[in-house]
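The structure under discussion appears below in the form of structure tokens.
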Amino acid sequence: MKLLHFSDLHIGMENYAKLDPETGLSTRLLDFFKTFDFIVDTALKEDVDAVVFAGDAYKTRDPNPTQQRGFGERIRKLAKKIPVVLVVGNHDTPNAEGKANTLDIYSALEIDNVWVSRKPELVNIPTKSGNVQIITLPWLHKNDYKTIAEKLKLLYEKITKDSPAIFLSHCEVEGASYGSEKGLAIANDVTIPLPLLQDRRLSYVALGHIHKHQVLGKNPLIVYPGSPQRIDFGEEKEEKGICLVEIQNYETQFQFIPTNARQFLTIEVNLKADDKNPTETILDQIKKNDIAEKIVRLIINIPAGLDTEIEMDQIKKALSSANFLAGISKNVERQDRIRLTGDIQVESLTPSAALKKYFEAKNISKNRQIELGKYAAKLLDI
């Protein structure tokens with residue numbers, strides 16, 4: 001049996017975006033749709049038996065109609081040929097008990113081949129390779145986690161030996177490593193103890209919520225695929241992807257498949273104080289990078305002694321092939337003031353005495369001090 005496991009689409013994350021001239025939509029919205037298209041095409045190409053989604057379809061609990069349409073079109077394309085199981089994530093969960101979550105529409109319309117789980121349960125999913133048992137743990141309200149150990153124990157006891165069983169959940173598991181997405185969290189996280197997921201009757205544990213791909217256990221396999229599309233520069237170096245899972249004779253293995261996620265790139269330039277042409281130095285550093293179609297930011301570290309002007313028009317022109325210029329930061333080193341005397345306050349010195357101390361601190365020659373002192377005396381009229 002072959003499954004495709006993915007999570008944390010977060011459709012609606014539109015930072016670093018501009019308007020697409022053809023559609024009038026955000027370019028970042030289109031990025032997320034293209035990545036979802038990649039997921040759908042992979043599932044169809046690999047002829048998987050089921051697709052399991054571990055929560056967080058959207059950025060917010062109230063997606064707009066365009067975002068909902070884009071998600072729905074791709075779910076429909078999958079469901080025409082493959083069973084799809086969706087669990088509710090924290091970004092899908094309403095902040096009031098009676099409100100519908102962002103995925104409830106699929107249950108309400110009773111879409112064929114689509115199952116939505118908003119409570120811990122065991123669902124049996126018929127596939128072309130036979131039945132698969134799926135224990136679900138969607139995102140719950142905080143108080144509901146108090147009895148989760150007992151609930152899971154009862155669900156595990158319902159597992160039969162005639163077909164494989166997997167666990168599908170949107171949750172934070174003890175020992176998992178967060179990426180930069182921690183700041184996106186809606187509501188307080190509750191950590192699930194890892195041993196609760198290590199029941200030997202499970203063939204695979206498919207998790208969502210944490211954007212960084214990681215494996216938390218091997219028997220059974222406990223896997224976060226991570227988010228399939230990058231959110232910000234905190235995820236610049238993280239590979240984004242989905243998991244292709246194969247269960248054979250109750251032995252499980254998976255393959256991590258990188259997606260077509262938009263790439264982020266940081267270019268950092270450290271200028272030197274004696275650089276005669278800092279603009280050219282920056283341009284040379286930009287040329288060393290492939291910036292085409294990437295979201296790029298430039299960081300320029302400028303030493304205090306550099307007094308040559310940087311031509312920003314040329315810099316911006318050199319970055320024009322980027323998909324989006326996230327910003328140019330100029331970090332100017334602060335030059336510390338020279339302490340002219342030990343414990344003596346400068347304010348207590350006469351102007352001529354302070355000038356003499358300055359000459360000494362700057363190692364100006366005696367002859368030069370005498371010459372400069374004459375001009376200073378005229379200016380100070382002393």
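Ligands are numbered from 1 in the order shown, chains are lettered A, B, ... in the order of the structure tokens, and residues start at 1 in each chain.
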(request) Give me every strand (DSSP E or B) residue in stretch 10-170 of chain A, going by DSSP on the backbone, as a PyMOL selection string. (result) chain A and resi 11+19+26+50-53+58+84-87+114-117+121-127+130-137+165-170
(request) For A:Ile328, list every protein, DNA or RNA residue within 8 Å, evaluated using only C-alpha atoms, and leave out those in the same chain fewer than 4 positions away; present the list as a ChimeraX atom specification. (result) /A:297-300
(request) Figure out the distance between atom CA of A:Leu244 and atom CA of A:Ala206, please, to one decimal in Å. (result)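 It comes out at 10.9 Å.
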(message) When you look at A:Lys212 with a cut-off of 9 Å (counting only C-alpha atoms), what residues show up, excluding the ones that are within fewer than 2 positions of it in the same chain? I need them as a ChimeraX atom specification.
(response) /A:177-181,210,214,224-227,235,238-240
(request) Write out as a list of chain:residue names which residues come within 12 Å of A:Asp144 when counting only C-alpha atoms, dropping same-chain ones fewer than 6 positions away. (result)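 Once the adjacent positions are removed, what remains is A:Lys119, A:Pro120, A:Leu137, A:Pro138, A:Glu150, A:Lys151, A:Val190.
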(request) May I ask which of the residues A:Arg201, A:Lys146, A:Arg69, A:His211 is the closest one to A:Asp8, counting only C-alpha atoms? (result)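 Between A:Arg201, A:Lys146, A:Arg69, A:His211, the residue approaching A:Asp8 most closely is A:His211.
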(request) Fewer than 5 positions away in the same chain doesn't count, so skip those; otherwise give me all residues within 8 Å of stretch 252-262 of chain A, counting only C-alpha atoms, as number ranges by chain. (result) A: 31, 34-35, 38-39, 203-204, 221, 225, 228-230, 239-247, 293-295
(request) Pick out the closest residue to A:Phe53 from this set: A:Ile148, A:Ile135, A:Gly208, A:His10. Count only C-alpha atoms. (result)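 Among the listed residues, the smallest separation from A:Phe53 belongs to A:Gly208.
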(message) Report as a ChimeraX atom specification all protein, DNA and RNA residues lying within 10 Å of A:Gln285, evaluated on only C-alpha atoms, omitting residues in the same chain fewer than 2 positions from it.
(response) /A:267-270,280-283,287-289
Dump N, CA and C atoms for the selected residues as a PDB file, in the first residue's frame?
ATOM      1  N   ILE A 267      22.007  37.504   0.701  1.00  0.00           N
ATOM      2  CA  ILE A 267      23.359  37.866   0.266  1.00  0.00           C
ATOM      3  C   ILE A 267      23.914  38.853   1.279  1.00  0.00           C
ATOM      4  N   GLU A 268      25.025  38.500   1.882  1.00  0.00           N
ATOM      5  CA  GLU A 268      25.641  39.372   2.892  1.00  0.00           C
ATOM      6  C   GLU A 268      27.007  39.822   2.412  1.00  0.00           C
ATOM      7  N   VAL A 269      27.244  41.124   2.460  1.00  0.00           N
ATOM      8  CA  VAL A 269      28.508  41.703   2.002  1.00  0.00           C
ATOM      9  C   VAL A 269      29.166  42.428   3.166  1.00  0.00           C
ATOM     10  N   ASN A 270      30.426  42.082   3.436  1.00  0.00           N
ATOM     11  CA  ASN A 270      31.197  42.738   4.493  1.00  0.00           C
ATOM     12  C   ASN A 270      32.241  43.650   3.848  1.00  0.00           C
ATOM     13  N   GLU A 280      31.212  48.440  -6.441  1.00  0.00           N
ATOM     14  CA  GLU A 280      31.691  47.333  -7.271  1.00  0.00           C
ATOM     15  C   GLU A 280      31.866  46.056  -6.447  1.00  0.00           C
ATOM     16  N   THR A 281      32.302  46.212  -5.205  1.00  0.00           N
ATOM     17  CA  THR A 281      32.446  45.053  -4.319  1.00  0.00           C
ATOM     18  C   THR A 281      31.098  44.375  -4.098  1.00  0.00           C
ATOM     19  N   ILE A 282      30.072  45.182  -3.877  1.00  0.00           N
ATOM     20  CA  ILE A 282      28.720  44.633  -3.661  1.00  0.00           C
ATOM     21  C   ILE A 282      28.206  43.969  -4.933  1.00  0.00           C
ATOM     22  N   LEU A 283      28.413  44.630  -6.074  1.00  0.00           N
ATOM     23  CA  LEU A 283      27.957  44.066  -7.348  1.00  0.00           C
ATOM     24  C   LEU A 283      28.640  42.733  -7.646  1.00  0.00           C
ATOM     25  N   LYS A 287      26.818  39.033  -8.185  1.00  0.00           N
ATOM     26  CA  LYS A 287      27.045  38.222  -9.383  1.00  0.00           C
ATOM     27  C   LYS A 287      27.412  36.774  -9.047  1.00  0.00           C
ATOM     28  N   LYS A 288      27.922  36.546  -7.867  1.00  0.00           N
ATOM     29  CA  LYS A 288      28.317  35.187  -7.475  1.00  0.00           C
ATOM     30  C   LYS A 288      27.107  34.302  -7.156  1.00  0.00           C
ATOM     31  N   ASN A 289      25.935  34.907  -7.079  1.00  0.00           N
ATOM     32  CA  ASN A 289      24.725  34.175  -6.699  1.00  0.00           C
ATOM     33  C   ASN A 289      23.734  34.114  -7.852  1.00  0.00           C
TER      34      ASN A 289
END
